[in-house]
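To be precise, the following lines are protein07.pdb, and they hold PDB, C-alpha atoms.
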ATOM      1  CA  MET A1455     157.532 103.643 -55.931
ATOM      2  CA  ILE A1456     153.916 103.423 -54.873
ATOM      3  CA  LEU A1457     152.766 106.142 -57.247
ATOM      4  CA  VAL A1458     153.172 104.038 -60.380
ATOM      5  CA  GLU A1459     151.059 105.479 -63.156
ATOM      6  CA  THR A1460     148.612 103.234 -64.948
ATOM      7  CA  HIS A1461     145.572 103.991 -67.046
ATOM      8  CA  ASP A1462     143.414 101.895 -64.752
ATOM      9  CA  ALA A1463     141.212 103.569 -62.175
ATOM     10  CA  ALA A1464     142.805 103.459 -58.756
ATOM     11  CA  THR A1465     140.862 101.974 -55.889
ATOM     12  CA  PRO A1466     139.965 104.802 -53.495
ATOM     13  CA  ALA A1467     142.045 104.482 -50.342
ATOM     14  CA  PRO A1468     140.547 104.832 -46.854
ATOM     15  CA  PHE A1469     141.488 108.094 -45.175
ATOM     16  CA  LYS A1470     143.822 106.432 -42.673
ATOM     17  CA  GLU A1471     145.799 104.809 -45.479
ATOM     18  CA  ILE A1472     146.404 107.941 -47.520
ATOM     19  CA  LEU A1473     149.581 109.066 -45.785
ATOM     20  CA  ARG A1474     150.890 105.497 -45.556
ATOM     21  CA  ARG A1475     150.617 105.267 -49.340
ATOM     22  CA  PHE A1476     153.022 108.185 -49.613
ATOM     23  CA  GLU A1477     155.757 106.821 -47.318
ATOM     24  CA  PRO A1478     158.366 106.519 -50.135
ATOM     25  CA  GLU A1479     157.679 110.110 -51.174
ATOM     26  CA  PHE A1480     157.905 111.373 -47.593
ATOM     27  CA  LYS A1481     161.286 109.689 -47.191
ATOM     28  CA  ARG A1482     162.701 111.423 -50.257
ATOM     29  CA  ILE A1483     161.169 114.742 -49.175
ATOM     30  CA  GLU A1484     162.915 114.475 -45.795
ATOM     31  CA  GLU A1485     166.202 113.804 -47.561
ATOM     32  CA  ALA A1486     165.739 116.903 -49.718
ATOM     33  CA  LEU A1487     164.877 119.053 -46.701
ATOM     34  CA  GLN A1488     168.011 117.869 -44.907
ATOM     35  CA  GLN A1489     170.192 118.472 -47.945
ATOM     36  CA  HIS A1490     169.330 122.061 -48.798
ATOM     37  CA  PHE A1491     168.619 123.994 -45.600
ATOM     38  CA  SER A1492     172.104 124.028 -44.063
ATOM     39  CA  SER A1493     173.978 127.179 -43.130
ATOM     40  CA  HIS A1494     177.694 127.365 -42.325
ATOM     41  CA  ILE A1495     176.577 128.815 -38.948
ATOM     42  CA  PRO A1496     175.690 125.895 -36.608
ATOM     43  CA  PHE A1497     173.278 128.046 -34.564
ATOM     44  CA  VAL A1498     171.176 128.744 -37.670
ATOM     45  CA  ASN A1499     170.998 125.020 -38.370
ATOM     46  CA  GLU A1500     169.941 124.310 -34.788
ATOM     47  CA  VAL A1501     167.046 126.778 -34.846
ATOM     48  CA  SER A1502     166.027 125.789 -38.386
ATOM     49  CA  ALA A1503     165.969 122.115 -37.469
ATOM     50  CA  HIS A1504     163.817 122.856 -34.424
ATOM     51  CA  ILE A1505     160.946 123.965 -36.654
ATOM     52  CA  LEU A1506     161.696 121.997 -39.829
ATOM     53  CA  PHE A1507     161.949 118.555 -38.246
ATOM     54  CA  ALA A1508     159.331 118.777 -35.524
ATOM     55  CA  GLY A1509     156.830 116.488 -37.205
ATOM     56  CA  GLY A1510     155.086 118.666 -39.791
ATOM     57  CA  LYS A1511     152.556 117.113 -42.156
ATOM     58  CA  ARG A1512     154.693 117.767 -45.285
ATOM     59  CA  LEU A1513     151.503 118.433 -47.239
ATOM     60  CA  ARG A1514     153.019 121.267 -49.262
ATOM     61  CA  PRO A1515     156.137 119.439 -50.519
ATOM     62  CA  LEU A1516     154.054 116.346 -51.223
ATOM     63  CA  LEU A1517     151.726 118.417 -53.401
ATOM     64  CA  THR A1518     154.710 119.788 -55.326
ATOM     65  CA  VAL A1519     155.929 116.262 -56.055
ATOM     66  CA  CYS A1520     152.450 115.038 -57.034
ATOM     67  CA  ALA A1521     151.777 118.025 -59.297
ATOM     68  CA  ALA A1522     155.092 117.514 -61.077
ATOM     69  CA  LYS A1523     154.296 113.845 -61.505
ATOM     70  CA  LEU A1524     150.841 114.575 -62.925
ATOM     71  CA  CYS A1525     152.547 116.760 -65.527
ATOM     72  CA  GLY A1526     155.026 114.026 -66.435
ATOM     73  CA  LYS A1527     158.043 114.992 -64.317
ATOM     74  CA  ASP A1528     159.694 112.373 -62.101
ATOM     75  CA  GLY A1529     163.214 111.873 -60.733
ATOM     76  CA  ASP A1530     165.113 113.979 -58.203
ATOM     77  CA  GLU A1531     164.156 117.494 -59.303
ATOM     78  CA  PRO A1532     160.574 117.493 -57.931
ATOM     79  CA  TYR A1533     161.918 116.510 -54.503
ATOM     80  CA  LYS A1534     164.545 119.237 -54.577
ATOM     81  CA  LEU A1535     161.854 121.759 -55.521
ATOM     82  CA  SER A1536     159.527 120.396 -52.847
ATOM     83  CA  ALA A1537     161.846 121.780 -50.151
ATOM     84  CA  VAL A1538     160.980 125.319 -51.252
ATOM     85  CA  PRO A1539     157.390 125.549 -49.950
ATOM     86  CA  GLU A1540     158.329 123.726 -46.744
ATOM     87  CA  TYR A1541     161.116 126.217 -46.031
ATOM     88  CA  LEU A1542     158.663 129.052 -46.640
ATOM     89  CA  HIS A1543     156.137 127.433 -44.338
ATOM     90  CA  ALA A1544     158.714 126.913 -41.584
ATOM     91  CA  ALA A1545     159.891 130.521 -41.918
ATOM     92  CA  SER A1546     156.338 131.798 -41.611
ATOM     93  CA  LEU A1547     155.786 129.727 -38.461
ATOM     94  CA  LEU A1548     158.911 131.161 -36.849
ATOM     95  CA  HIS A1549     157.679 134.682 -37.559
ATOM     96  CA  ASP A1550     154.035 133.996 -36.668
ATOM     97  CA  ASP A1551     154.940 132.632 -33.246
ATOM     98  CA  VAL A1552     156.797 135.847 -32.448
ATOM     99  CA  VAL A1553     153.943 138.049 -33.716
ATOM    100  CA  ASP A1554     151.244 136.003 -31.968
ATOM    101  CA  ALA A1555     153.252 135.152 -28.823
ATOM    102  CA  GLY A1556     152.423 131.495 -29.461
ATOM    103  CA  GLN A1557     152.852 129.132 -26.515
ATOM    104  CA  MET A1558     153.238 125.802 -28.286
ATOM    105  CA  ARG A1559     154.163 124.679 -31.804
ATOM    106  CA  ARG A1560     153.898 121.068 -32.921
ATOM    107  CA  GLY A1561     153.826 119.855 -29.352
ATOM    108  CA  ARG A1562     156.945 121.731 -28.217
ATOM    109  CA  LEU A1563     158.043 125.210 -27.225
ATOM    110  CA  PRO A1564     158.231 127.628 -30.165
ATOM    111  CA  ALA A1565     161.708 128.779 -31.159
ATOM    112  CA  TYR A1566     161.366 132.307 -29.797
ATOM    113  CA  LYS A1567     160.714 130.950 -26.294
ATOM    114  CA  ILE A1568     163.984 129.015 -26.408
ATOM    115  CA  TRP A1569     166.328 131.404 -28.242
ATOM    116  CA  GLY A1570     164.486 134.733 -28.147
ATOM    117  CA  ASN A1571     162.590 136.888 -30.630
ATOM    118  CA  SER A1572     165.544 138.152 -32.644
ATOM    119  CA  PRO A1573     167.068 134.733 -33.433
ATOM    120  CA  ALA A1574     163.659 133.340 -34.380
ATOM    121  CA  VAL A1575     162.968 136.222 -36.778
ATOM    122  CA  LEU A1576     166.452 136.143 -38.294
ATOM    123  CA  VAL A1577     166.432 132.373 -38.853
ATOM    124  CA  GLY A1578     163.012 132.787 -40.439
ATOM    125  CA  ASP A1579     164.585 135.338 -42.779
ATOM    126  CA  PHE A1580     167.344 132.834 -43.555
ATOM    127  CA  LEU A1581     164.808 130.147 -44.483
ATOM    128  CA  TYR A1582     162.940 132.594 -46.721
ATOM    129  CA  ALA A1583     166.228 133.367 -48.460
ATOM    130  CA  ARG A1584     167.091 129.681 -48.835
ATOM    131  CA  ALA A1585     163.690 129.025 -50.385
ATOM    132  CA  ILE A1586     163.997 131.853 -52.895
ATOM    133  CA  HIS A1587     167.569 130.871 -53.794
ATOM    134  CA  LEU A1588     166.569 127.244 -54.292
ATOM    135  CA  ALA A1589     163.534 128.223 -56.375
ATOM    136  CA  SER A1590     165.744 130.314 -58.668
ATOM    137  CA  SER A1591     168.158 127.410 -59.272
ATOM    138  CA  PHE A1592     165.810 125.622 -61.695
ATOM    139  CA  GLY A1593     166.299 128.140 -64.504
ATOM    140  CA  ASP A1594     162.565 128.862 -64.807
ATOM    141  CA  VAL A1595     161.714 132.450 -63.976
ATOM    142  CA  ARG A1596     158.058 131.465 -63.557
ATOM    143  CA  ILE A1597     158.925 129.316 -60.538
ATOM    144  CA  ALA A1598     160.999 132.044 -58.919
ATOM    145  CA  LYS A1599     158.283 134.618 -59.626
ATOM    146  CA  ALA A1600     155.567 132.407 -58.117
ATOM    147  CA  ILE A1601     157.590 131.975 -54.931
ATOM    148  CA  SER A1602     158.446 135.667 -54.522
ATOM    149  CA  GLU A1603     154.811 136.650 -55.087
ATOM    150  CA  THR A1604     153.692 134.117 -52.507
ATOM    151  CA  VAL A1605     156.072 135.461 -49.857
ATOM    152  CA  ALA A1606     154.537 138.910 -50.353
ATOM    153  CA  LEU A1607     151.013 137.511 -50.093
ATOM    154  CA  MET A1608     151.815 135.622 -46.900
ATOM    155  CA  SER A1609     153.138 138.807 -45.309
ATOM    156  CA  GLU A1610     150.034 140.727 -46.383
ATOM    157  CA  GLY A1611     147.796 138.057 -44.861
ATOM    158  CA  GLU A1612     149.531 138.312 -41.497
ATOM    159  CA  ILE A1613     149.268 142.109 -41.587
ATOM    160  CA  ILE A1614     145.551 142.067 -42.456
ATOM    161  CA  GLN A1615     144.906 139.619 -39.627
ATOM    162  CA  LEU A1616     146.908 141.757 -37.200
ATOM    163  CA  LEU A1617     144.993 144.915 -38.172
ATOM    164  CA  HIS A1618     141.657 143.174 -37.638
ATOM    165  CA  ALA A1619     142.422 141.369 -34.366
ATOM    166  CA  LYS A1620     139.510 141.592 -31.903
ATOM    167  CA  ASN A1621     137.427 143.457 -34.501
ATOM    168  CA  PRO A1622     133.757 142.371 -34.158
ATOM    169  CA  LYS A1623     133.045 143.793 -37.641
ATOM    170  CA  PHE A1624     135.407 141.232 -39.180
ATOM    171  CA  ASP A1625     133.350 139.550 -41.921
ATOM    172  CA  GLU A1626     133.663 136.604 -44.312
ATOM    173  CA  GLU A1627     135.113 138.753 -47.072
ATOM    174  CA  THR A1628     137.964 139.864 -44.822
ATOM    175  CA  TYR A1629     138.378 136.322 -43.524
ATOM    176  CA  PHE A1630     138.983 135.069 -47.057
ATOM    177  CA  LYS A1631     141.441 137.891 -47.722
ATOM    178  CA  VAL A1632     143.439 136.607 -44.765
ATOM    179  CA  ILE A1633     143.331 132.868 -45.412
ATOM    180  CA  ASN A1634     143.886 133.208 -49.152
ATOM    181  CA  ARG A1635     147.163 134.941 -48.381
ATOM    182  CA  LYS A1636     148.305 133.270 -45.160
ATOM    183  CA  THR A1637     147.484 129.657 -45.990
ATOM    184  CA  ALA A1638     145.895 129.023 -49.386
ATOM    185  CA  ALA A1639     148.467 130.964 -51.435
ATOM    186  CA  LEU A1640     151.352 128.737 -50.382
ATOM    187  CA  ILE A1641     149.406 125.512 -50.863
ATOM    188  CA  SER A1642     148.299 126.705 -54.299
ATOM    189  CA  THR A1643     151.851 127.688 -55.203
ATOM    190  CA  SER A1644     153.149 124.315 -53.979
ATOM    191  CA  CYS A1645     151.017 122.736 -56.696
ATOM    192  CA  LYS A1646     151.740 125.387 -59.300
ATOM    193  CA  ILE A1647     155.538 125.147 -59.136
ATOM    194  CA  GLY A1648     155.377 121.357 -59.464
ATOM    195  CA  ALA A1649     153.258 121.762 -62.585
ATOM    196  CA  LEU A1650     155.656 124.370 -63.967
ATOM    197  CA  LEU A1651     158.614 122.085 -63.334
ATOM    198  CA  GLY A1652     156.756 119.344 -65.218
ATOM    199  CA  ARG A1653     156.218 121.704 -68.161
ATOM    200  CA  GLY A1654     152.463 121.313 -67.837
ATOM    201  CA  SER A1655     150.182 123.157 -70.223
ATOM    202  CA  GLU A1656     148.696 126.463 -69.129
ATOM    203  CA  GLN A1657     145.397 124.674 -68.502
ATOM    204  CA  LYS A1658     147.044 122.033 -66.298
ATOM    205  CA  VAL A1659     149.099 124.574 -64.354
ATOM    206  CA  ASP A1660     145.961 126.624 -63.689
ATOM    207  CA  ALA A1661     143.939 123.539 -62.706
ATOM    208  CA  LEU A1662     146.533 122.449 -60.160
ATOM    209  CA  ALA A1663     146.867 125.982 -58.791
ATOM    210  CA  GLN A1664     143.088 126.164 -58.334
ATOM    211  CA  TYR A1665     143.048 122.729 -56.706
ATOM    212  CA  GLY A1666     145.659 123.981 -54.251
ATOM    213  CA  LEU A1667     143.798 127.234 -53.614
ATOM    214  CA  PHE A1668     140.543 125.490 -52.669
ATOM    215  CA  LEU A1669     142.424 122.825 -50.725
ATOM    216  CA  GLY A1670     144.270 125.548 -48.812
ATOM    217  CA  GLN A1671     141.055 127.375 -47.960
ATOM    218  CA  ALA A1672     139.492 124.169 -46.670
ATOM    219  CA  PHE A1673     142.679 123.292 -44.760
ATOM    220  CA  GLN A1674     142.513 126.589 -42.869
ATOM    221  CA  MET A1675     138.811 126.195 -42.135
ATOM    222  CA  ILE A1676     139.404 122.790 -40.582
ATOM    223  CA  ASP A1677     142.252 124.346 -38.574
ATOM    224  CA  ASP A1678     139.769 126.946 -37.333
ATOM    225  CA  VAL A1679     137.355 124.208 -36.258
ATOM    226  CA  LEU A1680     140.077 122.128 -34.585
ATOM    227  CA  ASP A1681     141.128 125.117 -32.494
ATOM    228  CA  TYR A1682     137.843 124.710 -30.614
ATOM    229  CA  THR A1683     137.158 120.978 -30.901
ATOM    230  CA  ALA A1684     140.468 119.090 -30.892
ATOM    231  CA  ASP A1685     142.449 117.471 -28.114
ATOM    232  CA  THR A1686     145.434 119.616 -27.079
ATOM    233  CA  GLN A1687     147.936 116.765 -27.130
ATOM    234  CA  GLU A1688     146.801 115.577 -30.542
ATOM    235  CA  LEU A1689     146.610 119.083 -31.991
ATOM    236  CA  GLY A1690     150.121 119.988 -30.831
ATOM    237  CA  LYS A1691     149.090 123.378 -29.456
ATOM    238  CA  ALA A1692     146.659 124.669 -26.874
ATOM    239  CA  VAL A1693     142.993 124.485 -27.849
ATOM    240  CA  GLY A1694     141.470 127.968 -27.876
ATOM    241  CA  THR A1695     144.659 129.643 -29.109
ATOM    242  CA  ASP A1696     142.835 131.648 -31.789
ATOM    243  CA  LEU A1697     140.429 133.018 -29.188
ATOM    244  CA  ALA A1698     143.320 133.820 -26.846
ATOM    245  CA  GLU A1699     145.134 135.756 -29.599
ATOM    246  CA  GLY A1700     142.021 137.647 -30.692
ATOM    247  CA  LYS A1701     141.840 135.963 -34.087
ATOM    248  CA  ILE A1702     138.355 136.023 -35.543
ATOM    249  CA  THR A1703     138.010 132.892 -37.644
ATOM    250  CA  LEU A1704     135.034 131.631 -39.620
ATOM    251  CA  PRO A1705     133.301 129.810 -36.712
ATOM    252  CA  ILE A1706     133.507 133.041 -34.718
ATOM    253  CA  VAL A1707     132.307 135.159 -37.665
ATOM    254  CA  LYS A1708     129.224 132.943 -37.927
ATOM    255  CA  ALA A1709     128.635 132.963 -34.170
ATOM    256  CA  LEU A1710     128.873 136.753 -33.953
ATOM    257  CA  LYS A1711     126.334 137.013 -36.744
ATOM    258  CA  GLU A1712     123.835 134.573 -35.234
ATOM    259  CA  ALA A1713     124.245 135.055 -31.467
ATOM    260  CA  GLY A1714     121.958 137.154 -29.317
ATOM    261  CA  PRO A1715     123.176 140.522 -27.979
ATOM    262  CA  GLU A1716     124.341 139.244 -24.582
ATOM    263  CA  ASP A1717     126.159 136.198 -25.964
ATOM    264  CA  ARG A1718     127.705 138.327 -28.673
ATOM    265  CA  LYS A1719     128.952 140.852 -26.122
ATOM    266  CA  ARG A1720     130.430 138.115 -23.930
ATOM    267  CA  LEU A1721     132.160 136.449 -26.868
ATOM    268  CA  ILE A1722     133.725 139.734 -28.016
ATOM    269  CA  SER A1723     134.962 140.391 -24.476
ATOM    270  CA  MET A1724     136.852 137.082 -24.480
ATOM    271  CA  LEU A1725     138.823 137.820 -27.645
ATOM    272  CA  GLY A1726     142.516 138.389 -27.009
ATOM    273  CA  GLN A1727     142.257 137.835 -23.256
ATOM    274  CA  GLY A1728     144.647 134.898 -23.056
ATOM    275  CA  LEU A1729     143.841 131.207 -22.953
ATOM    276  CA  PRO A1730     140.296 130.721 -21.629
ATOM    277  CA  SER A1731     139.529 128.592 -18.618
ATOM    278  CA  ARG A1732     138.010 125.187 -19.220
ATOM    279  CA  GLU A1733     134.612 126.580 -18.272
ATOM    280  CA  LYS A1734     134.868 129.544 -20.642
ATOM    281  CA  LEU A1735     136.143 127.371 -23.482
ATOM    282  CA  GLU A1736     133.223 125.022 -23.006
ATOM    283  CA  TRP A1737     130.854 127.993 -23.164
ATOM    284  CA  VAL A1738     132.431 129.132 -26.435
ATOM    285  CA  ARG A1739     132.231 125.602 -27.868
ATOM    286  CA  ASN A1740     128.547 125.391 -27.032
ATOM    287  CA  LEU A1741     127.903 128.815 -28.539
ATOM    288  CA  LEU A1742     129.706 127.868 -31.754
ATOM    289  CA  LYS A1743     127.634 124.710 -31.900
ATOM    290  CA  ASP A1744     124.309 126.397 -31.123
ATOM    291  CA  THR A1745     124.854 129.218 -33.632
ATOM    292  CA  GLY A1746     126.000 126.796 -36.338
ATOM    293  CA  GLY A1747     129.551 128.177 -36.443
ATOM    294  CA  ILE A1748     131.225 124.755 -36.410
ATOM    295  CA  ALA A1749     128.769 123.073 -38.783
ATOM    296  CA  TYR A1750     128.818 126.027 -41.179
ATOM    297  CA  THR A1751     132.616 126.057 -41.353
ATOM    298  CA  ARG A1752     132.804 122.296 -41.936
ATOM    299  CA  GLN A1753     130.208 122.522 -44.698
ATOM    300  CA  ARG A1754     132.102 125.323 -46.420
ATOM    301  CA  ALA A1755     135.268 123.219 -46.220
ATOM    302  CA  GLU A1756     133.499 120.180 -47.692
ATOM    303  CA  ASN A1757     132.211 122.261 -50.604
ATOM    304  CA  LEU A1758     135.696 123.614 -51.272
ATOM    305  CA  ILE A1759     137.210 120.124 -51.267
ATOM    306  CA  ALA A1760     134.594 118.991 -53.784
ATOM    307  CA  SER A1761     135.527 121.936 -56.014
ATOM    308  CA  ALA A1762     139.246 121.220 -55.595
ATOM    309  CA  CYS A1763     138.814 117.615 -56.711
ATOM    310  CA  GLN A1764     136.864 118.685 -59.793
ATOM    311  CA  TYR A1765     139.906 120.600 -61.035
ATOM    312  CA  LEU A1766     141.855 117.327 -61.124
ATOM    313  CA  ASP A1767     139.415 115.781 -63.572
ATOM    314  CA  ILE A1768     141.273 117.214 -66.579
ATOM    315  CA  PHE A1769     144.026 114.674 -65.839
ATOM    316  CA  PRO A1770     143.801 110.979 -66.793
ATOM    317  CA  LYS A1771     142.634 108.625 -64.062
ATOM    318  CA  PHE A1772     146.149 107.825 -62.842
ATOM    319  CA  GLN A1773     146.907 106.780 -59.286
ATOM    320  CA  THR A1774     148.539 110.130 -58.558
ATOM    321  CA  ARG A1775     145.318 111.930 -59.396
ATOM    322  CA  GLU A1776     143.254 109.612 -57.213
ATOM    323  CA  PHE A1777     145.703 109.896 -54.340
ATOM    324  CA  MET A1778     145.568 113.695 -54.588
ATOM    325  CA  LYS A1779     141.808 113.465 -54.274
ATOM    326  CA  GLY A1780     142.401 111.246 -51.262
ATOM    327  CA  LEU A1781     144.696 113.886 -49.771
ATOM    328  CA  ALA A1782     141.932 116.424 -50.195
ATOM    329  CA  ARG A1783     139.490 114.198 -48.336
ATOM    330  CA  TYR A1784     142.107 113.628 -45.642
ATOM    331  CA  VAL A1785     142.143 117.371 -45.004
ATOM    332  CA  LEU A1786     138.517 117.100 -43.888
ATOM    333  CA  GLU A1787     139.148 114.121 -41.624
ATOM    334  CA  ARG A1788     142.373 115.136 -39.915
ATOM    335  CA  LYS A1789     142.528 115.652 -36.157
ATOM    336  CA  LYS A1790     145.627 117.852 -36.049
TER     337      LYS A1790
END

Could I get this structure in the form of structure tokens?
Amino acid sequence: MILVETHDAATPAPFKEILRRFEPEFKRIEEALQQHFSSHIPFVNEVSAHILFAGGKRLRPLLTVCAAKLCGKDGDEPYKLSAVPEYLHAASLLHDDVVDAGQMRRGRLPAYKIWGNSPAVLVGDFLYARAIHLASSFGDVRIAKAISETVALMSEGEIIQLLHAKNPKFDEETYFKVINRKTAALISTSCKIGALLGRGSEQKVDALAQYGLFLGQAFQMIDDVLDYTADTQELGKAVGTDLAEGKITLPIVKALKEAGPEDRKRLISMLGQGLPSREKLEWVRNLLKDTGGIAYTRQRAENLIASACQYLDIFPKFQTREFMKGLARYVLERKK
């Protein structure tokens, strides 16, 4: 395995090499995902596979494996457990696409556009159930409790976002309520359950959970930036989707605060009006740049990543720790 622990300081890896360093781990994660998601109903497997094996980043299961390893747990169990957060993530995507009427997911049609709303929702329910069942199989009630609590938080985050769609009074406090539940909670829990499996001390479990929380917040902020700055083909979904769905993300919060009355009025009028034309999207991009929305969001993400990495400093300078810091930096550099 690449992640061989030594007491020597690891040489920091360039961003582009981070994921390559984890190739052996990714292979075992894929095997675990294939092994545990199956239903005896072929249709369920077909829809599940459509979202599960469409080229996701596998950040969450990788964090579970790394957290377990940092706490001294190796072997097959961390990989089995790593399937849990990925099933939850896939289930949430199936549901979110129905709620948001998403047009593209990971470069392909979302499941509901192929099989309909009801099958997409029901297969999402199946994946939630598989995740909870798998989490409970480790004989540690703390793991099962962490997963069940996270499912509730993710649902709350989607509801809060839905209630505040197109709301120009949406502020940073509400934004964090949404992303802490929708995105950061699952990334934090991915780390926490790995630490619990590794029988880490309370201090280590908390440190890894906090690392995941800050990493998850930064991950969502970069997502918010990419929705206005990325290339559609590279991103795997249409650029401007958040604007089209009326989602007010941090770049928009900042722009609404700093823009003049006319620009603010125009921006609000574009929320939830479908995908913008190239001309309108370019206007929004320029406004986000001129008001500091993009730069502000990136700076907040950078600060969060710095805080996340500090929580890892309670662990010895093993390669796993250094690679997890590299993963955090990768979150800032990613293009999709």

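Residue nearest Phe1497 in chain A within the list A:Cys1763, A:Ala1574, A:Leu1729, A:Ala1782: A:Ala1574 [criterion: smallest interatomic distance, only C-alpha atoms].
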
Report the residues retrieved by the PyMOL selection byres ((chain A and resi 1513-1523) around 9) from the displayed file, expressed as a ChimeraX atom specification.
-> /A:1457,1476,1479-1480,1483,1510-1512,1524-1528,1531-1533,1535-1540,1543,1640-1654,1659,1662,1666,1774-1775,1777-1778,1781

Return the single residue from A:Met1608, A:Val1577, A:Met1558, A:Ile1505 that is closest to Ser1493 in chain A, with distances computed using all atoms listed in the file.
-> A:Val1577

Looking at A:Ile1722, A:Met1675, A:Gly1746, A:Arg1560, which one is nearest to Lys1623 in chain A, with distances taken over all atoms listed in the file?
-> A:Ile1722

Best match for closeness to Phe1624 in chain A among A:Glu1776, A:Arg1783, A:Asn1499, A:Val1707, counting all atoms listed in the file | A:Val1707

Between CA of Ala1544 in chain A and CA of Ile1495 in chain A, measure the distance and give it in Å to one decimal.
->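 Going from CA of Ala1544 in chain A over to CA of Ile1495 in chain A covers 18.2 Å.
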
Name the closest residue to Asp1678 in chain A among the candidates A:Pro1705, A:Gly1578, A:Gly1726, A:Gly1529; distances are taken between atoms, counting only C-alpha atoms.
->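 Among the listed residues, the smallest separation from Asp1678 in chain A belongs to A:Pro1705.
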
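Distance annotation: of A:Ala1663, A:Leu1758, A:Arg1562, A:Asp1554, the residue with the minimal separation from Ala1600 in chain A is A:Ala1663; atom set is all atoms listed in the file.
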